Amino acid sequence: MSMRELVVLGTASQAPTRQRNHNGYVLRWDDEVILFDPGEGSQRQLLHTTVTASDLTRICVTHFHGDHCLGLPGTIQRLSLDRVPHPVAVHFPAGGAEYFARLRHATSFYETAELRVEPIEADGQRIALSCGTLEARRLRHPIETYGYRLVEPDGHRMLPEKLAAYGIAGPAVGELIRVGHLDLDGRRVTRDEVSEPRHGQRFAFVMDTGLCDGVYALAEHADLLVIESTFLESEAALAAEVGHLTAAQAARVATESGVRRLVLTHFSQRYPDSRRFHDEAREYFDGDLIIAEDLTTVQLPPRRVASAG
């Protein structure tokens with residue numbers, strides 16, 4: 001059975017706290033299990049979830065600041081320790097290839113896992129997956145940084161009552177979806193007659209950045225947007241100076257981009273009370289709002305039916 005959910009490993013920004021581990025997020029999306037930005041301690045955090053290192057199919061790193069990548073050495077070595085039988089793709093900014101090489105071989109170990117190193121070399125780079133398209137967009141941060149989004153193609157939702165009216169069942173349904181029509185008793189039944197259009201799902205992952213076009217491109221019509229909100233609006237000037245977002249900015253992006261479920265994360269240690277992020281964001285976003293906590297799971301909303309016309 002397909003599963004689409006986000007497993008949160010850590011939610012702290014530059015420094016972990018007693019309540020928050022460094023960054024780390026796992027997206028389960030059908031056959032893909034993607035680890036985003038494994039910060040220090042991510043391998044241990046996985047032990048508190050139902051995800052194992054052997055499940056991982058892909059790793060995506062937004063940039064090479066420590067809180068987003070210091071978990072790479074342990075994670076990569078664990079893939080070999082567990083003798084993961086399938087290849088694991090790794091995406092990261094191409095300008096940070098030297099950092100990746102150092103992290104990959106930070107200590108001596110016997111490498112048996114197959115890593116497919118596929119750096120991001122350009123804004124808008126797309127990677128074809130069996131479940132959709134993974135796209136990287138350039139963000140605004142002091143070092144080369146990319147956000148990611150996963151987009152499922154639009155499709156159709158079959159209507160059981162209309163299928164039954166034509167006597168279409170079993171393998172014939174699959175053929176109708178695949179071919180687009182069926183010939184029954186001298187009459188052609190098209191897919192559009194027994195289905196309704198539905199939007200593919202979209203997931204967006206936006207870490208360390210100031211406001212820029214890339215943020216909006218990633219967030220556009222996302223069903224689930226995971227976005228940093230390191231600061232509150234009272235520190236907006238500092239946020240702009242160091243290339244980060246406030247909760248208010250993240251919420252405004254979500255509203256302007258038509259986001260359905262918003263997950264705020266990457267919180268500065270200066271704020272012990274996370275409710276302040278909720279209260280600030282709620283002023284600008286009235287959809288599903290989640291203030292991420294370590295070791296929680298967030299489901300993707302159900303697919304949307306496309307509006308007529």
# chains A, B, ... in the order shown; residues from 1 in each chain; ligands from 1

$ select_by_dssp --residues "segment 70-265 of chain A" --states "alpha helix (DSSP H)" --output "PyMOL selection string"
chain A and resi 72-81+97-104+160-165+171-179+213-219+236-242+247-257

$ residues_around --residues "Ser130 of chain A" --least-positions-apart "6" --cutoff "12 Å" --atoms "only C-alpha atoms" --output "MDAnalysis selection string"
chainID A and resid 29:32 150:153

$ write_last_selection --atoms "N, CA and C atoms" --output "PDB file, in the first residue's frame"
ATOM      1  N   TRP A  29       7.229   8.456   0.042  1.00  0.00           N
ATOM      2  CA  TRP A  29       6.370   8.764  -1.109  1.00  0.00           C
ATOM      3  C   TRP A  29       6.358   7.528  -2.009  1.00  0.00           C
ATOM      4  N   ASP A  30       5.378   6.675  -1.788  1.00  0.00           N
ATOM      5  CA  ASP A  30       5.292   5.408  -2.520  1.00  0.00           C
ATOM      6  C   ASP A  30       6.590   4.618  -2.346  1.00  0.00           C
ATOM      7  N   ASP A  31       7.295   4.339  -3.442  1.00  0.00           N
ATOM      8  CA  ASP A  31       8.516   3.540  -3.351  1.00  0.00           C
ATOM      9  C   ASP A  31       9.750   4.361  -2.991  1.00  0.00           C
ATOM     10  N   GLU A  32       9.619   5.677  -2.972  1.00  0.00           N
ATOM     11  CA  GLU A  32      10.750   6.539  -2.623  1.00  0.00           C
ATOM     12  C   GLU A  32      10.729   6.843  -1.119  1.00  0.00           C
ATOM     13  N   LEU A 150       8.785  17.813  -4.990  1.00  0.00           N
ATOM     14  CA  LEU A 150       8.411  16.585  -5.680  1.00  0.00           C
ATOM     15  C   LEU A 150       7.000  16.780  -6.215  1.00  0.00           C
ATOM     16  N   VAL A 151       6.842  16.607  -7.518  1.00  0.00           N
ATOM     17  CA  VAL A 151       5.563  16.873  -8.177  1.00  0.00           C
ATOM     18  C   VAL A 151       5.077  15.611  -8.879  1.00  0.00           C
ATOM     19  N   GLU A 152       3.888  15.188  -8.524  1.00  0.00           N
ATOM     20  CA  GLU A 152       3.232  14.071  -9.190  1.00  0.00           C
ATOM     21  C   GLU A 152       2.419  14.606 -10.375  1.00  0.00           C
ATOM     22  N   PRO A 153       2.455  13.948 -11.531  1.00  0.00           N
ATOM     23  CA  PRO A 153       1.651  14.422 -12.665  1.00  0.00           C
ATOM     24  C   PRO A 153       0.158  14.416 -12.330  1.00  0.00           C
TER      25      PRO A 153
END

$ atom_distance --atom1 "atom CA of Ala106 of chain A" --atom2 "atom CA of Asp123 of chain A"
28.7 Å

$ residues_around --residues "Thr49 of chain A" --least-positions-apart "2" --cutoff "10 Å" --atoms "only C-alpha atoms" --output "compact mmCIF listing (two decimals) with N, CA, C and O atoms, in the first residue's frame"
# COMPACT_ATOMS: atom_id res chain seq x y z
N VAL A 7 8.31 12.24 8.01
CA VAL A 7 8.76 11.86 9.35
C VAL A 7 9.83 12.88 9.77
O VAL A 7 10.85 13.02 9.10
N VAL A 8 9.57 13.57 10.87
CA VAL A 8 10.46 14.64 11.32
C VAL A 8 11.48 14.06 12.30
O VAL A 8 11.11 13.51 13.34
N LEU A 9 12.75 14.19 11.97
CA LEU A 9 13.81 13.70 12.86
C LEU A 9 14.33 14.79 13.78
O LEU A 9 14.67 14.52 14.93
N ARG A 44 20.67 8.33 14.90
CA ARG A 44 20.04 7.89 16.15
C ARG A 44 18.55 8.22 16.17
O ARG A 44 17.75 7.44 16.66
N GLN A 45 18.19 9.39 15.63
CA GLN A 45 16.77 9.75 15.58
C GLN A 45 15.96 8.74 14.78
O GLN A 45 14.81 8.44 15.12
N LEU A 46 16.56 8.20 13.73
CA LEU A 46 15.85 7.19 12.94
C LEU A 46 15.43 5.99 13.79
O LEU A 46 14.40 5.38 13.54
N LEU A 47 16.24 5.67 14.80
CA LEU A 47 15.94 4.52 15.65
C LEU A 47 14.64 4.70 16.43
O LEU A 47 14.06 3.72 16.90
N VAL A 51 11.25 4.18 10.32
CA VAL A 51 12.12 4.24 9.15
C VAL A 51 13.49 3.68 9.52
O VAL A 51 14.02 3.97 10.59
N THR A 52 14.08 2.89 8.63
CA THR A 52 15.43 2.39 8.84
C THR A 52 16.34 2.95 7.74
O THR A 52 15.86 3.38 6.68
N LEU A 295 10.41 13.85 15.94
CA LEU A 295 9.85 12.50 15.96
C LEU A 295 8.33 12.47 15.78
O LEU A 295 7.65 11.58 16.27
N THR A 296 7.81 13.48 15.07
CA THR A 296 6.40 13.45 14.71
C THR A 296 6.26 13.09 13.24
O THR A 296 7.21 13.18 12.46
N THR A 297 5.06 12.69 12.85
CA THR A 297 4.77 12.31 11.47
C THR A 297 3.64 13.19 10.95
O THR A 297 2.65 13.42 11.65

$ select_by_dssp --residues "segment 86-300 of chain A" --states "strand (DSSP E)" --output "number ranges by chain"
A: 88-91, 115-117, 126-129, 132-138, 146-151, 155-158, 181-184, 187-190, 195-198, 202-206, 224-228, 261-265, 288-291, 297-299

$ residues_around --residues "segment 67-83 of chain A" --least-positions-apart "5" --cutoff "9 Å" --atoms "only C-alpha atoms" --output "PyMOL selection string"
chain A and resi 12-16+22-24+36-43+53-54+56+61-62+88+100+102-107+109-115

$ closest_residue --among "A:Ser108, A:Gln249, A:Ser234, A:Ser229" --to "Ile290 of chain A" --atoms "only C-alpha atoms"
A:Ser229

$ atom_distance --atom1 "atom CA of Arg58 of chain A" --atom2 "atom CA of Ala217 of chain A"
22.2 Å

$ residues_around --residues "segment 164-168 of chain A" --least-positions-apart "4" --cutoff "10 Å" --atoms "only C-alpha atoms" --output "list of chain:residue names"
A:Leu159, A:Pro160, A:Ala172, A:Val173, A:Gly174, A:Leu176, A:Leu182, A:Leu184, A:Val189, A:Val194

$ write_last_selection --atoms "C-alpha atoms" --output "compact mmCIF listing (two decimals), in the first residue's frame"
# COMPACT_ATOMS: atom_id res chain seq x y z
CA LEU A 159 -15.76 6.93 -10.48
CA PRO A 160 -16.99 3.51 -9.27
CA ALA A 172 -10.43 -3.66 -17.71
CA VAL A 173 -10.17 -0.68 -15.38
CA GLY A 174 -6.40 -0.74 -15.62
CA LEU A 176 -8.97 1.96 -19.55
CA LEU A 182 -12.36 0.66 -24.07
CA LEU A 184 -17.58 -2.48 -25.31
CA VAL A 189 -16.14 4.25 -23.56
CA VAL A 194 -16.00 7.40 -16.12

$ closest_residue --among "A:Asp208, A:Glu233, A:Asp288, A:Glu280" --to "His266 of chain A" --atoms "only C-alpha atoms"
A:Asp208

$ residues_around --residues "His244 of chain A" --least-positions-apart "4" --cutoff "9 Å" --atoms "only C-alpha atoms" --output "JSON, numbers by chain"
{"A": [140, 141, 207, 208, 209, 210, 211, 228, 229, 230, 231, 236, 238, 239, 240]}

$ write_last_selection --atoms "N, CA, C and O atoms" --output "PDB file, in the first residue's frame"
ATOM      1  N   ARG A 140      18.312  31.785  -1.605  1.00  0.00           N
ATOM      2  CA  ARG A 140      19.198  32.911  -1.281  1.00  0.00           C
ATOM      3  C   ARG A 140      19.757  32.741   0.122  1.00  0.00           C
ATOM      4  O   ARG A 140      19.071  32.940   1.118  1.00  0.00           O
ATOM      5  N   HIS A 141      21.026  32.328   0.171  1.00  0.00           N
ATOM      6  CA  HIS A 141      21.717  32.065   1.425  1.00  0.00           C
ATOM      7  C   HIS A 141      23.193  32.392   1.195  1.00  0.00           C
ATOM      8  O   HIS A 141      23.628  32.455   0.036  1.00  0.00           O
ATOM      9  N   MET A 207      14.609  25.154   2.896  1.00  0.00           N
ATOM     10  CA  MET A 207      15.420  25.443   4.079  1.00  0.00           C
ATOM     11  C   MET A 207      16.128  26.777   3.905  1.00  0.00           C
ATOM     12  O   MET A 207      15.675  27.620   3.162  1.00  0.00           O
ATOM     13  N   ASP A 208      17.250  26.965   4.550  1.00  0.00           N
ATOM     14  CA  ASP A 208      17.867  28.263   4.810  1.00  0.00           C
ATOM     15  C   ASP A 208      17.856  29.194   3.596  1.00  0.00           C
ATOM     16  O   ASP A 208      18.544  28.950   2.599  1.00  0.00           O
ATOM     17  N   THR A 209      17.092  30.280   3.715  1.00  0.00           N
ATOM     18  CA  THR A 209      16.968  31.219   2.610  1.00  0.00           C
ATOM     19  C   THR A 209      16.307  32.512   3.060  1.00  0.00           C
ATOM     20  O   THR A 209      15.497  32.515   3.987  1.00  0.00           O
ATOM     21  N   GLY A 210      16.648  33.583   2.381  1.00  0.00           N
ATOM     22  CA  GLY A 210      15.843  34.781   2.443  1.00  0.00           C
ATOM     23  C   GLY A 210      14.767  34.681   1.378  1.00  0.00           C
ATOM     24  O   GLY A 210      14.754  33.760   0.558  1.00  0.00           O
ATOM     25  N   LEU A 211      13.842  35.633   1.383  1.00  0.00           N
ATOM     26  CA  LEU A 211      12.799  35.625   0.364  1.00  0.00           C
ATOM     27  C   LEU A 211      13.410  35.789  -1.018  1.00  0.00           C
ATOM     28  O   LEU A 211      14.280  36.639  -1.229  1.00  0.00           O
ATOM     29  N   GLU A 228      11.586  26.590   6.533  1.00  0.00           N
ATOM     30  CA  GLU A 228      12.257  27.131   7.709  1.00  0.00           C
ATOM     31  C   GLU A 228      11.576  28.411   8.182  1.00  0.00           C
ATOM     32  O   GLU A 228      11.093  29.207   7.380  1.00  0.00           O
ATOM     33  N   SER A 229      11.535  28.582   9.493  1.00  0.00           N
ATOM     34  CA  SER A 229      11.097  29.844  10.100  1.00  0.00           C
ATOM     35  C   SER A 229      12.001  30.058  11.306  1.00  0.00           C
ATOM     36  O   SER A 229      11.569  29.962  12.447  1.00  0.00           O
ATOM     37  N   THR A 230      13.251  30.329  11.012  1.00  0.00           N
ATOM     38  CA  THR A 230      14.273  30.405  12.055  1.00  0.00           C
ATOM     39  C   THR A 230      13.968  31.478  13.081  1.00  0.00           C
ATOM     40  O   THR A 230      14.206  31.299  14.276  1.00  0.00           O
ATOM     41  N   PHE A 231      13.405  32.598  12.625  1.00  0.00           N
ATOM     42  CA  PHE A 231      13.198  33.752  13.494  1.00  0.00           C
ATOM     43  C   PHE A 231      11.728  34.164  13.536  1.00  0.00           C
ATOM     44  O   PHE A 231      10.927  33.759  12.691  1.00  0.00           O
ATOM     45  N   ALA A 236      13.308  40.375  12.112  1.00  0.00           N
ATOM     46  CA  ALA A 236      13.261  40.333  10.652  1.00  0.00           C
ATOM     47  C   ALA A 236      14.527  40.899  10.022  1.00  0.00           C
ATOM     48  O   ALA A 236      15.009  40.374   9.012  1.00  0.00           O
ATOM     49  N   LEU A 238      17.586  40.855  11.270  1.00  0.00           N
ATOM     50  CA  LEU A 238      18.628  39.855  11.423  1.00  0.00           C
ATOM     51  C   LEU A 238      18.415  38.705  10.453  1.00  0.00           C
ATOM     52  O   LEU A 238      19.368  38.210   9.838  1.00  0.00           O
ATOM     53  N   ALA A 239      17.160  38.284  10.295  1.00  0.00           N
ATOM     54  CA  ALA A 239      16.849  37.197   9.367  1.00  0.00           C
ATOM     55  C   ALA A 239      17.307  37.540   7.951  1.00  0.00           C
ATOM     56  O   ALA A 239      17.932  36.724   7.266  1.00  0.00           O
ATOM     57  N   ALA A 240      17.019  38.761   7.515  1.00  0.00           N
ATOM     58  CA  ALA A 240      17.411  39.178   6.175  1.00  0.00           C
ATOM     59  C   ALA A 240      18.927  39.224   6.038  1.00  0.00           C
ATOM     60  O   ALA A 240      19.482  38.839   4.997  1.00  0.00           O
TER      61      ALA A 240
END

$ residues_around --residues "Glu144 of chain A" --least-positions-apart "2" --cutoff "9 Å" --atoms "only C-alpha atoms" --output "PyMOL selection string"
chain A and resi 62-64+93-96+138-142+146

$ write_last_selection --atoms "all heavy atoms" --output "mmCIF file, in the first residue's frame"
data_model
loop_
_atom_site.group_PDB
_atom_site.id
_atom_site.type_symbol
_atom_site.label_atom_id
_atom_site.label_comp_id
_atom_site.auth_asym_id
_atom_site.auth_seq_id
_atom_site.Cartn_x
_atom_site.Cartn_y
_atom_site.Cartn_z
ATOM 1 N N THR A 62 20.355 20.387 1.061
ATOM 2 C CA THR A 62 20.114 21.728 0.521
ATOM 3 C C THR A 62 21.403 22.531 0.430
ATOM 4 O O THR A 62 21.605 23.284 -0.521
ATOM 5 C CB THR A 62 19.105 22.496 1.380
ATOM 6 O OG1 THR A 62 19.600 22.618 2.727
ATOM 7 C CG2 THR A 62 17.750 21.798 1.378
ATOM 8 N N HIS A 63 22.286 22.395 1.436
ATOM 9 C CA HIS A 63 23.553 23.148 1.443
ATOM 10 C C HIS A 63 24.463 22.564 2.519
ATOM 11 O O HIS A 63 24.037 21.740 3.339
ATOM 12 C CB HIS A 63 23.303 24.637 1.683
ATOM 13 C CG HIS A 63 22.749 24.967 3.034
ATOM 14 N ND1 HIS A 63 21.506 24.565 3.471
ATOM 15 C CD2 HIS A 63 23.284 25.686 4.069
ATOM 16 C CE1 HIS A 63 21.287 25.013 4.692
ATOM 17 N NE2 HIS A 63 22.343 25.683 5.088
ATOM 18 N N PHE A 64 25.707 23.029 2.514
ATOM 19 C CA PHE A 64 26.704 22.418 3.393
ATOM 20 C C PHE A 64 27.037 23.293 4.595
ATOM 21 O O PHE A 64 28.203 23.541 4.906
ATOM 22 C CB PHE A 64 27.957 22.049 2.591
ATOM 23 C CG PHE A 64 27.747 20.838 1.737
ATOM 24 C CD1 PHE A 64 27.504 20.976 0.372
ATOM 25 C CD2 PHE A 64 27.735 19.567 2.280
ATOM 26 C CE1 PHE A 64 27.293 19.868 -0.429
ATOM 27 C CE2 PHE A 64 27.517 18.446 1.491
ATOM 28 C CZ PHE A 64 27.297 18.598 0.135
ATOM 29 N N PRO A 93 24.270 20.571 -3.698
ATOM 30 C CA PRO A 93 24.793 21.611 -4.594
ATOM 31 C C PRO A 93 26.155 21.215 -5.165
ATOM 32 O O PRO A 93 27.067 20.823 -4.423
ATOM 33 C CB PRO A 93 24.915 22.836 -3.682
ATOM 34 C CG PRO A 93 23.933 22.588 -2.582
ATOM 35 C CD PRO A 93 23.938 21.112 -2.365
ATOM 36 N N ALA A 94 26.294 21.318 -6.474
ATOM 37 C CA ALA A 94 27.531 20.884 -7.128
ATOM 38 C C ALA A 94 28.743 21.637 -6.606
ATOM 39 O O ALA A 94 29.842 21.074 -6.526
ATOM 40 C CB ALA A 94 27.407 21.061 -8.635
ATOM 41 N N GLY A 95 28.555 22.902 -6.218
ATOM 42 C CA GLY A 95 29.671 23.679 -5.692
ATOM 43 C C GLY A 95 30.204 23.168 -4.370
ATOM 44 O O GLY A 95 31.300 23.552 -3.941
ATOM 45 N N GLY A 96 29.446 22.287 -3.723
ATOM 46 C CA GLY A 96 29.882 21.716 -2.448
ATOM 47 C C GLY A 96 30.417 20.303 -2.581
ATOM 48 O O GLY A 96 30.490 19.559 -1.587
ATOM 49 N N ARG A 138 17.174 27.263 -6.852
ATOM 50 C CA ARG A 138 18.197 28.003 -6.121
ATOM 51 C C ARG A 138 17.537 28.922 -5.087
ATOM 52 O O ARG A 138 16.533 29.585 -5.369
ATOM 53 C CB ARG A 138 19.035 28.837 -7.101
ATOM 54 C CG ARG A 138 20.231 29.564 -6.464
ATOM 55 C CD ARG A 138 21.315 28.582 -6.083
ATOM 56 N NE ARG A 138 22.436 29.242 -5.424
ATOM 57 C CZ ARG A 138 23.593 29.532 -6.028
ATOM 58 N NH1 ARG A 138 23.763 29.208 -7.310
ATOM 59 N NH2 ARG A 138 24.571 30.106 -5.378
ATOM 60 N N LEU A 139 18.110 28.944 -3.900
ATOM 61 C CA LEU A 139 17.628 29.789 -2.819
ATOM 62 C C LEU A 139 18.664 30.869 -2.511
ATOM 63 O O LEU A 139 19.757 30.886 -3.086
ATOM 64 C CB LEU A 139 17.322 28.940 -1.584
ATOM 65 C CG LEU A 139 16.211 27.892 -1.780
ATOM 66 C CD1 LEU A 139 16.067 27.011 -0.546
ATOM 67 C CD2 LEU A 139 14.881 28.564 -2.122
ATOM 68 N N ARG A 140 18.312 31.785 -1.605
ATOM 69 C CA ARG A 140 19.198 32.911 -1.281
ATOM 70 C C ARG A 140 19.757 32.741 0.122
ATOM 71 O O ARG A 140 19.071 32.940 1.118
ATOM 72 C CB ARG A 140 18.439 34.242 -1.393
ATOM 73 C CG ARG A 140 19.329 35.475 -1.197
ATOM 74 C CD ARG A 140 18.622 36.750 -1.589
ATOM 75 N NE ARG A 140 17.476 37.039 -0.734
ATOM 76 C CZ ARG A 140 17.571 37.635 0.454
ATOM 77 N NH1 ARG A 140 18.748 37.968 0.937
ATOM 78 N NH2 ARG A 140 16.490 37.876 1.160
ATOM 79 N N HIS A 141 21.026 32.328 0.171
ATOM 80 C CA HIS A 141 21.717 32.065 1.425
ATOM 81 C C HIS A 141 23.193 32.392 1.195
ATOM 82 O O HIS A 141 23.628 32.455 0.036
ATOM 83 C CB HIS A 141 21.514 30.601 1.825
ATOM 84 C CG HIS A 141 21.734 30.317 3.277
ATOM 85 N ND1 HIS A 141 21.131 31.028 4.294
ATOM 86 C CD2 HIS A 141 22.502 29.375 3.901
ATOM 87 C CE1 HIS A 141 21.512 30.554 5.454
ATOM 88 N NE2 HIS A 141 22.345 29.554 5.252
ATOM 89 N N PRO A 142 23.989 32.601 2.251
ATOM 90 C CA PRO A 142 25.399 32.963 2.025
ATOM 91 C C PRO A 142 26.206 31.942 1.237
ATOM 92 O O PRO A 142 27.236 32.288 0.654
ATOM 93 C CB PRO A 142 25.929 33.130 3.453
ATOM 94 C CG PRO A 142 24.746 33.568 4.237
ATOM 95 C CD PRO A 142 23.596 32.791 3.657
ATOM 96 N N TYR A 146 20.000 24.963 -2.428
ATOM 97 C CA TYR A 146 18.855 24.612 -3.255
ATOM 98 C C TYR A 146 17.740 24.050 -2.385
ATOM 99 O O TYR A 146 17.990 23.311 -1.425
ATOM 100 C CB TYR A 146 19.225 23.557 -4.297
ATOM 101 C CG TYR A 146 20.121 24.062 -5.403
ATOM 102 C CD1 TYR A 146 21.506 23.960 -5.297
ATOM 103 C CD2 TYR A 146 19.586 24.641 -6.552
ATOM 104 C CE1 TYR A 146 22.337 24.425 -6.310
ATOM 105 C CE2 TYR A 146 20.416 25.112 -7.566
ATOM 106 C CZ TYR A 146 21.780 25.005 -7.432
ATOM 107 O OH TYR A 146 22.593 25.472 -8.423
#

$ atom_distance --atom1 "atom CA of Gly258 of chain A" --atom2 "atom CA of Cys60 of chain A"
24.5 Å

$ closest_residue --among "A:Thr17, A:Thr50, A:Arg126, A:Leu6" --to "Leu262 of chain A" --atoms "only C-alpha atoms"
A:Leu6

$ closest_residue --among "A:Leu225, A:Leu300, A:Arg137, A:Tyr271" --to "Cys212 of chain A" --atoms "only C-alpha atoms"
A:Arg137

$ decode --residues "segment 102-122 of chain A" --atoms "N, CA, C and O atoms" --output "compact mmCIF listing (two decimals), in the first residue's frame"
# COMPACT_ATOMS: atom_id res chain seq x y z
N ARG A 102 34.46 14.92 1.56
CA ARG A 102 35.04 14.83 2.91
C ARG A 102 34.09 14.13 3.86
O ARG A 102 34.50 13.29 4.67
N LEU A 103 32.81 14.47 3.78
CA LEU A 103 31.83 13.85 4.68
C LEU A 103 31.66 12.37 4.36
O LEU A 103 31.54 11.54 5.26
N ARG A 104 31.65 12.05 3.10
CA ARG A 104 31.47 10.64 2.69
C ARG A 104 32.60 9.77 3.22
O ARG A 104 32.36 8.62 3.61
N HIS A 105 33.80 10.30 3.23
CA HIS A 105 34.96 9.53 3.68
C HIS A 105 35.58 10.16 4.93
O HIS A 105 36.80 10.24 5.06
N ALA A 106 34.71 10.57 5.85
CA ALA A 106 35.19 11.24 7.07
C ALA A 106 36.03 10.32 7.94
O ALA A 106 36.94 10.77 8.65
N THR A 107 35.76 9.01 7.90
CA THR A 107 36.54 8.04 8.66
C THR A 107 36.74 6.79 7.82
O THR A 107 36.13 6.64 6.75
N SER A 108 37.55 5.90 8.31
CA SER A 108 37.79 4.65 7.61
C SER A 108 36.60 3.71 7.81
O SER A 108 36.13 3.52 8.93
N PHE A 109 36.11 3.13 6.72
CA PHE A 109 35.07 2.11 6.80
C PHE A 109 35.07 1.33 5.50
O PHE A 109 35.63 1.78 4.49
N TYR A 110 34.44 0.18 5.51
CA TYR A 110 34.38 -0.67 4.32
C TYR A 110 33.09 -0.36 3.58
O TYR A 110 32.00 -0.69 4.04
N GLU A 111 33.22 0.30 2.45
CA GLU A 111 32.04 0.77 1.72
C GLU A 111 31.51 -0.33 0.80
O GLU A 111 32.20 -0.76 -0.13
N THR A 112 30.30 -0.76 1.08
CA THR A 112 29.65 -1.76 0.24
C THR A 112 28.40 -1.21 -0.44
O THR A 112 27.98 -1.74 -1.47
N ALA A 113 27.81 -0.16 0.13
CA ALA A 113 26.60 0.40 -0.46
C ALA A 113 26.93 1.11 -1.77
O ALA A 113 28.01 1.66 -1.95
N GLU A 114 25.96 1.10 -2.68
CA GLU A 114 26.12 1.80 -3.96
C GLU A 114 25.49 3.18 -3.86
O GLU A 114 24.26 3.31 -3.82
N LEU A 115 26.32 4.22 -3.79
CA LEU A 115 25.84 5.59 -3.82
C LEU A 115 25.89 6.11 -5.25
O LEU A 115 26.92 6.00 -5.91
N ARG A 116 24.80 6.68 -5.69
CA ARG A 116 24.77 7.33 -6.99
C ARG A 116 24.83 8.83 -6.76
O ARG A 116 23.85 9.45 -6.35
N VAL A 117 26.00 9.39 -6.96
CA VAL A 117 26.23 10.80 -6.68
C VAL A 117 25.73 11.63 -7.85
O VAL A 117 26.28 11.56 -8.95
N GLU A 118 24.68 12.41 -7.62
CA GLU A 118 24.03 13.19 -8.67
C GLU A 118 23.86 14.63 -8.19
O GLU A 118 22.79 15.03 -7.72
N PRO A 119 24.91 15.45 -8.28
CA PRO A 119 24.83 16.82 -7.77
C PRO A 119 23.88 17.69 -8.57
O PRO A 119 23.59 17.43 -9.73
N ILE A 120 23.40 18.74 -7.91
CA ILE A 120 22.55 19.74 -8.55
C ILE A 120 23.45 20.81 -9.14
O ILE A 120 24.19 21.48 -8.43
N GLU A 121 23.39 20.98 -10.44
CA GLU A 121 24.31 21.88 -11.14
C GLU A 121 23.65 23.14 -11.67
O GLU A 121 24.35 24.05 -12.13
N ALA A 122 22.31 23.22 -11.63
CA ALA A 122 21.64 24.39 -12.21
C ALA A 122 20.29 24.59 -11.56
O ALA A 122 19.61 23.62 -11.16
